[in-house]
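Asker: Contents are CSV, C-alpha atoms; file name input13.csv:
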```csv
chain,number,residue,atom,x,y,z
A,1,MET,CA,-6.8,-13.7,18.9
A,2,ARG,CA,-8.3,-11.9,21.9
A,3,GLY,CA,-10.6,-9.0,21.5
A,4,MET,CA,-10.1,-5.5,22.9
A,5,SER,CA,-12.0,-3.5,25.5
A,6,LEU,CA,-15.7,-2.6,25.4
A,7,VAL,CA,-15.1,1.0,24.3
A,8,VAL,CA,-13.1,-0.2,21.3
A,9,LYS,CA,-15.8,-2.8,20.5
A,10,VAL,CA,-18.7,-0.2,20.6
A,11,VAL,CA,-16.7,2.4,18.5
A,12,THR,CA,-15.7,-0.3,16.0
A,13,ASN,CA,-19.4,-1.4,15.7
A,14,ILE,CA,-20.3,2.1,14.7
A,15,VAL,CA,-17.5,3.0,12.3
A,16,VAL,CA,-16.6,-0.3,10.6
A,17,GLY,CA,-19.5,-0.2,8.2
A,18,PHE,CA,-18.9,3.4,7.2
A,19,ILE,CA,-15.2,2.6,6.5
A,20,PHE,CA,-16.2,-0.4,4.3
A,21,ILE,CA,-18.8,1.7,2.4
A,22,TYR,CA,-16.1,4.4,1.9
A,23,GLY,CA,-13.8,1.8,0.4
A,24,VAL,CA,-16.5,0.6,-2.0
A,25,TYR,CA,-17.1,4.3,-3.0
A,26,ILE,CA,-13.4,4.9,-3.6
A,27,ILE,CA,-13.3,1.8,-5.8
A,28,LEU,CA,-16.5,2.5,-7.8
A,29,HIS,CA,-15.5,6.2,-8.4
A,30,GLY,CA,-11.9,5.4,-9.2
A,31,HIS,CA,-12.3,6.7,-12.8
A,32,LEU,CA,-13.8,10.0,-11.7
A,33,THR,CA,-12.2,11.1,-8.4
A,34,PRO,CA,-8.8,10.4,-6.8
A,35,GLY,CA,-8.4,6.9,-5.6
A,36,GLY,CA,-9.2,3.7,-7.4
A,37,GLY,CA,-8.9,0.0,-7.0
A,38,PHE,CA,-5.7,-0.1,-4.9
A,39,ALA,CA,-6.6,2.6,-2.4
A,40,GLY,CA,-10.2,1.4,-2.0
A,41,GLY,CA,-9.0,-2.2,-1.6
A,42,VAL,CA,-6.6,-1.2,1.2
A,43,ILE,CA,-9.4,0.7,2.9
A,44,ILE,CA,-11.7,-2.4,2.8
A,45,ALA,CA,-8.9,-4.5,4.1
A,46,GLY,CA,-8.4,-1.9,6.9
A,47,ALA,CA,-12.1,-2.2,7.9
A,48,LEU,CA,-11.8,-6.0,8.1
A,49,VAL,CA,-8.5,-5.8,10.0
A,50,LEU,CA,-10.1,-3.3,12.4
A,51,ARG,CA,-13.0,-5.7,13.1
A,52,ILE,CA,-10.7,-8.6,13.7
A,53,LEU,CA,-8.5,-6.6,16.0
A,54,ALA,CA,-11.4,-5.3,18.0
A,55,PHE,CA,-13.5,-8.4,18.4
A,56,GLY,CA,-10.9,-11.1,18.2
A,57,VAL,CA,-11.4,-14.4,16.4
A,58,GLU,CA,-11.3,-18.1,17.1
A,59,PRO,CA,-8.5,-20.1,15.5
A,60,VAL,CA,-10.8,-22.3,13.6
A,61,SER,CA,-12.9,-19.5,12.0
A,62,GLU,CA,-9.7,-17.6,11.4
A,63,LYS,CA,-8.4,-20.4,9.3
A,64,ARG,CA,-11.7,-20.5,7.4
A,65,ALA,CA,-11.7,-16.7,6.9
A,66,GLU,CA,-8.1,-17.0,5.6
A,67,GLU,CA,-9.1,-19.6,3.0
A,68,ARG,CA,-12.1,-17.5,1.9
A,69,ALA,CA,-10.0,-14.3,1.6
A,70,SER,CA,-7.4,-16.2,-0.4
A,71,ALA,CA,-10.2,-17.5,-2.7
A,72,PHE,CA,-11.5,-13.9,-3.2
A,73,GLU,CA,-8.0,-12.7,-3.9
A,74,SER,CA,-7.6,-15.3,-6.7
A,75,LEU,CA,-11.1,-14.3,-8.0
A,76,GLY,CA,-10.0,-10.7,-8.3
A,77,ALA,CA,-6.8,-11.7,-10.1
A,78,LEU,CA,-8.8,-13.9,-12.5
A,79,LEU,CA,-11.3,-11.1,-13.1
A,80,PHE,CA,-8.5,-8.6,-14.0
A,81,ILE,CA,-6.7,-11.0,-16.4
A,82,GLY,CA,-10.1,-12.1,-17.7
A,83,ILE,CA,-10.8,-8.4,-18.7
A,84,ALA,CA,-7.4,-8.3,-20.4
A,85,PHE,CA,-8.1,-11.5,-22.4
A,86,ALA,CA,-11.6,-10.3,-23.3
A,87,GLY,CA,-9.9,-7.3,-25.0
A,88,LEU,CA,-7.6,-9.7,-26.8
A,89,ILE,CA,-10.5,-11.9,-28.0
A,90,ILE,CA,-13.0,-9.1,-28.9
A,91,GLY,CA,-10.7,-6.5,-30.3
A,92,GLY,CA,-7.4,-8.2,-30.9
A,93,ALA,CA,-5.3,-6.4,-28.3
A,94,PHE,CA,-4.4,-7.2,-24.8
A,95,PHE,CA,-6.2,-4.8,-22.4
A,96,LEU,CA,-8.1,-3.2,-25.2
A,97,ASN,CA,-10.8,-0.8,-24.0
A,98,PHE,CA,-13.6,-2.7,-25.8
A,99,LEU,CA,-16.6,-1.2,-23.9
A,100,PRO,CA,-18.3,2.0,-25.0
A,101,GLN,CA,-16.9,5.1,-23.3
A,102,GLY,CA,-20.2,6.7,-22.3
A,103,THR,CA,-20.4,10.4,-21.3
A,104,PRO,CA,-17.4,11.6,-19.3
A,105,LEU,CA,-17.9,12.4,-15.6
A,106,ARG,CA,-20.8,9.9,-15.3
A,107,LEU,CA,-20.5,6.8,-13.1
A,108,LEU,CA,-20.9,4.5,-16.1
A,109,SER,CA,-18.1,5.8,-18.3
A,110,GLY,CA,-14.6,4.9,-19.2
A,111,GLY,CA,-15.2,1.5,-20.7
A,112,ILE,CA,-13.3,-1.2,-18.9
A,113,ILE,CA,-11.6,1.1,-16.4
A,114,PRO,CA,-14.4,0.8,-13.7
A,115,LEU,CA,-14.4,-3.0,-14.1
A,116,CYS,CA,-10.6,-3.1,-13.8
A,117,ASN,CA,-10.9,-1.0,-10.6
A,118,ILE,CA,-13.4,-3.4,-9.1
A,119,ALA,CA,-11.2,-6.4,-9.9
A,120,ILE,CA,-8.1,-4.8,-8.4
A,121,GLY,CA,-10.2,-3.6,-5.4
A,122,ILE,CA,-11.3,-7.2,-4.7
A,123,LYS,CA,-7.8,-8.5,-5.2
A,124,VAL,CA,-6.0,-5.9,-3.1
A,125,GLY,CA,-8.5,-5.9,-0.2
A,126,ALA,CA,-8.7,-9.7,0.0
A,127,GLY,CA,-4.9,-10.1,-0.5
A,128,LEU,CA,-3.9,-7.7,2.3
A,129,PHE,CA,-6.6,-9.3,4.6
A,130,THR,CA,-5.1,-12.7,3.8
A,131,ILE,CA,-1.6,-11.5,4.7
A,132,PHE,CA,-2.9,-10.1,8.0
A,133,LEU,CA,-4.8,-13.3,8.9
A,134,ALA,CA,-1.7,-15.4,8.0
A,135,LEU,CA,0.5,-13.2,10.2
A,136,ALA,CA,-2.1,-13.2,13.0
A,137,ALA,CA,-2.4,-17.0,12.9
A,138,ILE,CA,1.4,-17.6,13.3
A,139,LYS,CA,0.9,-17.4,17.1
A,140,TYR,CA,-1.3,-20.6,17.1
A,141,VAL,CA,1.2,-22.3,14.9
A,142,MET,CA,3.9,-21.5,17.3
A,143,GLU,CA,1.9,-22.8,20.3
A,144,ASP,CA,1.0,-26.1,18.7
B,1,MET,CA,8.6,24.8,-2.6
B,2,ILE,CA,10.0,25.7,0.9
B,3,GLU,CA,7.4,23.6,2.6
B,4,LEU,CA,8.6,20.5,0.7
B,5,TYR,CA,12.0,21.0,2.2
B,6,LEU,CA,10.5,21.5,5.6
B,7,PHE,CA,8.7,18.1,5.4
B,8,LEU,CA,11.9,16.5,4.0
B,9,PHE,CA,13.7,17.8,7.1
B,10,ILE,CA,11.0,16.4,9.4
B,11,MET,CA,11.3,13.1,7.6
B,12,LEU,CA,15.1,13.0,8.0
B,13,ILE,CA,14.8,13.7,11.8
B,14,ALA,CA,12.0,11.2,12.3
B,15,ALA,CA,13.9,8.5,10.3
B,16,VAL,CA,17.0,9.0,12.5
B,17,ILE,CA,14.9,8.8,15.6
B,18,ALA,CA,13.2,5.7,14.4
B,19,THR,CA,16.5,3.9,14.0
B,20,GLU,CA,18.2,5.2,17.2
B,21,ILE,CA,15.5,5.2,19.9
B,22,LYS,CA,15.4,2.4,22.4
B,23,ASP,CA,11.6,2.1,22.8
B,24,LEU,CA,10.2,0.2,19.8
B,25,LEU,CA,6.7,1.8,20.1
B,26,ALA,CA,8.3,5.2,19.8
B,27,ALA,CA,10.3,4.0,16.8
B,28,VAL,CA,7.0,2.8,15.1
B,29,ILE,CA,5.5,6.2,15.7
B,30,SER,CA,8.5,8.0,14.2
B,31,LEU,CA,8.2,5.7,11.2
B,32,GLY,CA,4.6,6.8,10.9
B,33,ALA,CA,5.7,10.4,11.0
B,34,VAL,CA,8.0,9.6,8.0
B,35,GLY,CA,5.1,8.0,6.1
B,36,PHE,CA,2.6,10.8,6.8
B,37,SER,CA,5.2,13.4,5.8
B,38,VAL,CA,5.4,11.7,2.4
B,39,ALA,CA,1.6,11.7,2.1
B,40,ILE,CA,1.5,15.5,2.9
B,41,MET,CA,4.3,16.1,0.3
B,42,PHE,CA,2.2,14.2,-2.3
B,43,ILE,CA,-0.8,16.5,-1.5
B,44,LEU,CA,1.5,19.6,-1.8
B,45,VAL,CA,2.6,18.5,-5.3
B,46,GLN,CA,-1.0,17.8,-6.2
B,47,ALA,CA,-1.1,14.1,-6.4
B,48,PRO,CA,-4.2,13.1,-4.3
B,49,ASP,CA,-4.3,9.6,-5.7
B,50,LEU,CA,-0.9,8.8,-4.3
B,51,ALA,CA,-1.6,10.6,-1.1
B,52,ILE,CA,-4.7,8.4,-0.4
B,53,VAL,CA,-2.8,5.2,-1.1
B,54,GLN,CA,0.1,6.4,1.0
B,55,ILE,CA,-2.1,7.3,4.0
B,56,VAL,CA,-4.1,4.1,4.0
B,57,VAL,CA,-1.1,1.8,3.5
B,58,GLU,CA,0.8,3.7,6.2
B,59,ILE,CA,-2.1,3.3,8.7
B,60,LEU,CA,-2.3,-0.5,7.9
B,61,THR,CA,1.5,-0.9,8.3
B,62,ILE,CA,1.5,1.0,11.6
B,63,VAL,CA,-1.4,-1.1,12.9
B,64,ILE,CA,0.5,-4.3,12.1
B,65,PHE,CA,3.7,-3.0,13.6
B,66,VAL,CA,1.9,-1.8,16.8
B,67,ALA,CA,0.2,-5.2,17.2
B,68,VAL,CA,3.6,-6.9,16.9
B,69,VAL,CA,5.2,-4.6,19.4
B,70,PHE,CA,2.4,-5.1,21.9
B,71,ARG,CA,2.7,-8.8,21.6
B,72,THR,CA,6.5,-9.1,21.8
B,73,THR,CA,8.7,-6.5,23.5
B,74,HIS,CA,9.0,-2.7,23.8
B,75,ILE,CA,12.8,-2.6,24.2
B,76,ASP,CA,15.3,-2.7,21.4
B,77,GLU,CA,18.2,-4.6,23.0
B,78,THR,CA,20.6,-4.1,20.1
B,79,ILE,CA,20.9,-0.4,20.8
B,80,GLY,CA,23.6,0.7,23.3
B,81,LYS,CA,26.2,-2.0,22.7
B,82,ARG,CA,27.1,-1.2,19.1
B,83,PHE,CA,30.4,0.7,19.7
B,84,ALA,CA,32.8,-2.1,19.0
B,85,SER,CA,35.8,-1.3,16.8
B,86,THR,CA,34.3,-3.1,13.8
B,87,HIS,CA,31.2,-1.0,14.1
B,88,ILE,CA,33.2,2.2,14.1
B,89,LEU,CA,35.0,1.0,10.9
B,90,SER,CA,31.7,0.1,9.3
B,91,MET,CA,30.2,3.5,10.2
B,92,VAL,CA,33.2,5.3,8.7
B,93,LEU,CA,32.9,3.2,5.5
B,94,PHE,CA,29.1,3.9,5.4
B,95,SER,CA,29.6,7.7,5.9
B,96,LEU,CA,32.2,7.7,3.1
B,97,PHE,CA,29.7,5.8,0.8
B,98,ALA,CA,26.8,8.1,1.8
B,99,PHE,CA,29.0,11.2,1.0
B,100,LEU,CA,29.9,9.8,-2.4
B,101,PHE,CA,26.3,8.8,-3.1
B,102,LEU,CA,25.0,12.2,-2.2
B,103,ALA,CA,27.6,13.9,-4.4
B,104,ALA,CA,26.5,11.8,-7.3
B,105,VAL,CA,22.8,12.4,-6.6
B,106,VAL,CA,23.3,16.2,-6.5
B,107,GLN,CA,25.3,16.0,-9.7
B,108,SER,CA,22.5,14.0,-11.5
B,109,LEU,CA,19.6,16.1,-10.0
B,110,ARG,CA,21.1,19.2,-11.8
B,111,GLU,CA,20.4,17.5,-15.1
B,112,LEU,CA,16.7,17.0,-14.4
B,113,PRO,CA,14.1,19.2,-16.1
B,114,ARG,CA,12.3,21.8,-13.9
B,115,PHE,CA,9.5,20.6,-11.7
B,116,GLY,CA,6.2,20.3,-13.6
B,117,TYR,CA,7.8,20.8,-17.0
B,118,ALA,CA,8.3,17.3,-18.5
B,119,THR,CA,10.7,17.0,-21.5
B,120,MET,CA,9.1,13.6,-22.5
B,121,ARG,CA,6.4,13.9,-25.1
B,122,VAL,CA,4.6,10.7,-23.9
B,123,ALA,CA,3.3,12.3,-20.7
B,124,SER,CA,1.7,15.3,-22.4
B,125,GLU,CA,0.1,12.9,-24.9
B,126,TYR,CA,-1.4,11.0,-22.0
B,127,ILE,CA,-2.9,14.2,-20.6
B,128,ARG,CA,-4.1,15.4,-24.0
B,129,LEU,CA,-5.8,12.1,-25.0
B,130,GLY,CA,-6.9,10.8,-21.6
B,131,LEU,CA,-10.5,11.9,-21.6
B,132,SER,CA,-11.2,11.5,-25.3
B,133,GLU,CA,-9.6,8.1,-25.8
B,134,CYS,CA,-10.5,6.3,-22.5
B,135,GLY,CA,-13.4,8.3,-21.2
B,136,GLY,CA,-12.3,8.3,-17.5
B,137,ALA,CA,-12.3,11.7,-15.9
B,138,ASN,CA,-9.5,10.8,-13.6
B,139,ILE,CA,-6.4,10.9,-15.7
B,140,VAL,CA,-4.5,8.7,-13.3
B,141,ALA,CA,-7.0,5.9,-13.8
B,142,ASP,CA,-6.8,6.4,-17.5
B,143,VAL,CA,-3.0,6.0,-17.5
B,144,ILE,CA,-2.8,3.0,-15.1
B,145,LEU,CA,-5.8,1.0,-16.4
B,146,ASP,CA,-5.8,1.8,-20.1
B,147,PHE,CA,-2.6,3.3,-21.5
B,148,ARG,CA,-0.3,1.3,-19.2
B,149,ALA,CA,-2.6,-1.5,-18.0
B,150,LEU,CA,0.2,-4.0,-18.6
B,151,ASP,CA,2.2,-2.3,-15.8
B,152,THR,CA,-0.7,-2.6,-13.5
B,153,LEU,CA,-1.0,-6.3,-14.3
B,154,GLY,CA,2.6,-6.7,-13.3
B,155,GLU,CA,2.0,-4.8,-10.1
B,156,ALA,CA,-1.0,-7.0,-9.3
B,157,THR,CA,1.2,-10.1,-10.0
B,158,VAL,CA,3.7,-8.8,-7.4
B,159,LEU,CA,1.0,-8.5,-4.8
B,160,PHE,CA,-0.4,-11.9,-5.7
B,161,THR,CA,3.1,-13.5,-5.4
B,162,SER,CA,3.7,-11.8,-2.0
B,163,VAL,CA,0.4,-13.2,-0.7
B,164,ILE,CA,1.3,-16.7,-1.9
B,165,GLY,CA,4.7,-16.3,-0.4
B,166,VAL,CA,3.3,-15.3,3.0
B,167,LEU,CA,0.8,-18.1,2.9
B,168,ALA,CA,3.5,-20.6,2.0
B,169,LEU,CA,5.8,-19.4,4.8
B,170,MET,CA,3.1,-19.3,7.4
B,171,ARG,CA,1.4,-22.6,6.7
B,172,LYS,CA,0.9,-25.2,9.3
B,173,ILE,CA,1.4,-28.3,7.2
B,174,GLY,CA,5.0,-29.4,6.9
B,175,ARG,CA,6.3,-27.2,9.6
B,176,LYS,CA,9.2,-28.7,11.6
B,177,ARG,CA,9.1,-28.2,15.4
```
Show me, as structure tokens, the structure contained in the file I just sent.

Answerer:
Amino acid sequence: MRGMSLVVKVVTNIVVGFIFIYGVYIILHGHLTPGGGFAGGVIIAGALVLRILAFGVEPVSEKRAEERASAFESLGALLFIGIAFAGLIIGGAFFLNFLPQGTPLRLLSGGIIPLCNIAIGIKVGAGLFTIFLALAAIKYVMED
Amino acid sequence: MIELYLFLFIMLIAAVIATEIKDLLAAVISLGAVGFSVAIMFILVQAPDLAIVQIVVEILTIVIFVAVVFRTTHIDETIGKRFASTHILSMVLFSLFAFLFLAAVVQSLRELPRFGYATMRVASEYIRLGLSECGGANIVADVILDFRALDTLGEATVLFTSVIGVLALMRKIGRKR
């Protein structure tokens, strides 16, 4: 995929890190403020898509990025269902909130809720980025 | 409540424009107007969680649509030659169906409880027990990740399946020329 003009590249260089950090913030504070794993994951995917659209990518590294993003998506799904089974093993109920709750309104509170948010964030961000890369790669497939 | 109807009206107009306009880029922008109106309506009824998701997903969708339009064509060639006799018949049938459907919807919406006053006891239990049982200050996170985490697992499975589906459809190996 070709990149875009110099203006877009410079602006992307400045903002893409902030967008990524904002997505991480939304995920980590999902149990305290509006947002959560899904919204933060989509923001992270948006940052990655912005970078790919602005700078372009070679077909070979695009294929590799797609494989890595797919692996991260599976990792997120495994983490999420692993937390669910951990509740089953430790407390005897699927998705049991087995961790201590902590004081409300602190970052480390809510038991398994922040962990679930992180797992869903990885899963959604990597999943949407995988879909984008697969759709972007269709052009090369057609040309071959 | 009047502003909700205002945005509903904007959404209706933008949706009709999106289907009827000949320039596909303009259609994509009208589609974005529909999505952002939904986001503003979510904010107005005090659902910031949904509003964030709606805004972000809308931006991502529009970016993908715009990329596709830039790469293919701007002109929708199916518009303009749709007034054959069968099309008129199908439009009449559709209007009839839409009228009946709207009548049924209006009838059933009368039965709903007033906005903000749930008759179900489950919802008020979630709000009462959210902070003390789960410890998350954001009640939405408490509901989707603790009380109803199984639903979220199903949702995650849907996304996982769609990613696998896209990867399987778009793969290079085994594709016939």

Asker: Between atom CA of A:Ser74 and atom CA of A:Ile131, what is the spacing in Å?

Answerer: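 Pair atom CA of A:Ile131 / atom CA of A:Ser74 returns 13.4 Å.
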
Asker: Excluding stretch 38-52 of chain A and any residue of its chain fewer than 4 positions from it, enumerate the residues within 10 Å of it, using only C-alpha atoms, and give them as a JSON list (two decimals) with C-alpha atoms, in the coordinates of the input.

Answerer:
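Contents of out_30.json, freshly written:
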```json
[["chain", "number", "residue", "atom", "x", "y", "z"],
["A", 1, "MET", "CA", -6.80, -13.70, 18.90],
["A", 2, "ARG", "CA", -8.30, -11.90, 21.90],
["A", 3, "GLY", "CA", -10.60, -9.00, 21.50],
["A", 4, "MET", "CA", -10.10, -5.50, 22.90],
["A", 8, "VAL", "CA", -13.10, -0.20, 21.30],
["A", 9, "LYS", "CA", -15.80, -2.80, 20.50],
["A", 12, "THR", "CA", -15.70, -0.30, 16.00],
["A", 13, "ASN", "CA", -19.40, -1.40, 15.70],
["A", 15, "VAL", "CA", -17.50, 3.00, 12.30],
["A", 16, "VAL", "CA", -16.60, -0.30, 10.60],
["A", 17, "GLY", "CA", -19.50, -0.20, 8.20],
["A", 18, "PHE", "CA", -18.90, 3.40, 7.20],
["A", 19, "ILE", "CA", -15.20, 2.60, 6.50],
["A", 20, "PHE", "CA", -16.20, -0.40, 4.30],
["A", 21, "ILE", "CA", -18.80, 1.70, 2.40],
["A", 22, "TYR", "CA", -16.10, 4.40, 1.90],
["A", 23, "GLY", "CA", -13.80, 1.80, 0.40],
["A", 24, "VAL", "CA", -16.50, 0.60, -2.00],
["A", 25, "TYR", "CA", -17.10, 4.30, -3.00],
["A", 26, "ILE", "CA", -13.40, 4.90, -3.60],
["A", 27, "ILE", "CA", -13.30, 1.80, -5.80],
["A", 28, "LEU", "CA", -16.50, 2.50, -7.80],
["A", 29, "HIS", "CA", -15.50, 6.20, -8.40],
["A", 30, "GLY", "CA", -11.90, 5.40, -9.20],
["A", 34, "PRO", "CA", -8.80, 10.40, -6.80],
["A", 56, "GLY", "CA", -10.90, -11.10, 18.20],
["A", 57, "VAL", "CA", -11.40, -14.40, 16.40],
["A", 62, "GLU", "CA", -9.70, -17.60, 11.40],
["A", 117, "ASN", "CA", -10.90, -1.00, -10.60],
["A", 118, "ILE", "CA", -13.40, -3.40, -9.10],
["A", 119, "ALA", "CA", -11.20, -6.40, -9.90],
["A", 120, "ILE", "CA", -8.10, -4.80, -8.40],
["A", 121, "GLY", "CA", -10.20, -3.60, -5.40],
["A", 122, "ILE", "CA", -11.30, -7.20, -4.70],
["A", 123, "LYS", "CA", -7.80, -8.50, -5.20],
["A", 124, "VAL", "CA", -6.00, -5.90, -3.10],
["A", 125, "GLY", "CA", -8.50, -5.90, -0.20],
["A", 126, "ALA", "CA", -8.70, -9.70, 0.00],
["A", 127, "GLY", "CA", -4.90, -10.10, -0.50],
["A", 128, "LEU", "CA", -3.90, -7.70, 2.30],
["A", 129, "PHE", "CA", -6.60, -9.30, 4.60],
["A", 130, "THR", "CA", -5.10, -12.70, 3.80],
["A", 132, "PHE", "CA", -2.90, -10.10, 8.00],
["A", 133, "LEU", "CA", -4.80, -13.30, 8.90],
["A", 136, "ALA", "CA", -2.10, -13.20, 13.00],
["B", 49, "ASP", "CA", -4.30, 9.60, -5.70],
["B", 50, "LEU", "CA", -0.90, 8.80, -4.30],
["B", 51, "ALA", "CA", -1.60, 10.60, -1.10],
["B", 52, "ILE", "CA", -4.70, 8.40, -0.40],
["B", 53, "VAL", "CA", -2.80, 5.20, -1.10],
["B", 54, "GLN", "CA", 0.10, 6.40, 1.00],
["B", 55, "ILE", "CA", -2.10, 7.30, 4.00],
["B", 56, "VAL", "CA", -4.10, 4.10, 4.00],
["B", 57, "VAL", "CA", -1.10, 1.80, 3.50],
["B", 59, "ILE", "CA", -2.10, 3.30, 8.70],
["B", 60, "LEU", "CA", -2.30, -0.50, 7.90],
["B", 63, "VAL", "CA", -1.40, -1.10, 12.90],
["B", 64, "ILE", "CA", 0.50, -4.30, 12.10],
["B", 156, "ALA", "CA", -1.00, -7.00, -9.30]]
```

Asker: Considering all atoms listed in the file, state which residue in the set B:Gly32, B:Gly136, B:Gly154, B:Gly165 is at the smallest distance from chain A.

Answerer: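 Under the stated criterion, the closest residue is B:Gly136.
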
Asker: Counting only C-alpha atoms, figure out which residue out of B:Leu6, B:Ala168, B:Gly135, B:Phe70 gets nearest to chain A.

Answerer: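 Checking each of B:Leu6, B:Ala168, B:Gly135, B:Phe70 against chain A, counting only C-alpha atoms, the winner is B:Gly135.
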
Asker: From the options A:Gly87, A:Glu67, A:Thr33, A:Ile113, which residue's atoms come nearest to B:Ile164, counting only C-alpha atoms?

Answerer: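 Counting only C-alpha atoms, the residue closest to B:Ile164 is A:Glu67.
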
Asker: Quick one: pull the distance between atom CA of B:Gln46 and atom CA of A:Thr103, Å, one decimal.

Answerer: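 A separation of 25.7 Å between them.
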
Asker: Any idea what the distance is between atom CA of A:Ala84 and atom CA of A:Ile112?

Answerer: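 Separating atom CA of A:Ala84 from atom CA of A:Ile112 is a distance of 9.4 Å.
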
Asker: From the options B:Ser108, B:Ser85, B:Ser37, B:Asn138, which residue's atoms come nearest to chain A, counting only C-alpha atoms?

Answerer: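 Closest to chain A, using only C-alpha atoms: B:Asn138.
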
Asker: Pick the closest to B:Ile29 from B:Thr119, B:Thr78, B:Thr61, B:Thr73: which is it, counting only C-alpha atoms?

Answerer: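 Checking each candidate against B:Ile29, we get B:Thr61 as the closest.
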
Asker: Within 9 Å of A:Ser109, counting only C-alpha atoms, which residues qualify if same-chain residues fewer than 4 places away don't, as a ChimeraX atom specification?

Answerer: /A:31-32,100-105,113-114 /B:134-137

Asker: So, counting only C-alpha atoms, which residue among A:Leu79, A:Ala134, A:Ile89, A:Val60 is closest to chain B?

Answerer: A:Ala134

Asker: From (18.4, 2.4, 19.5), in the file's coordinates, out to 9 Å: which residues are reached, counting all atoms listed in the file? Answer as a VMD selection string.

Answerer: chain B and resid 17 to 24 27 75 to 80
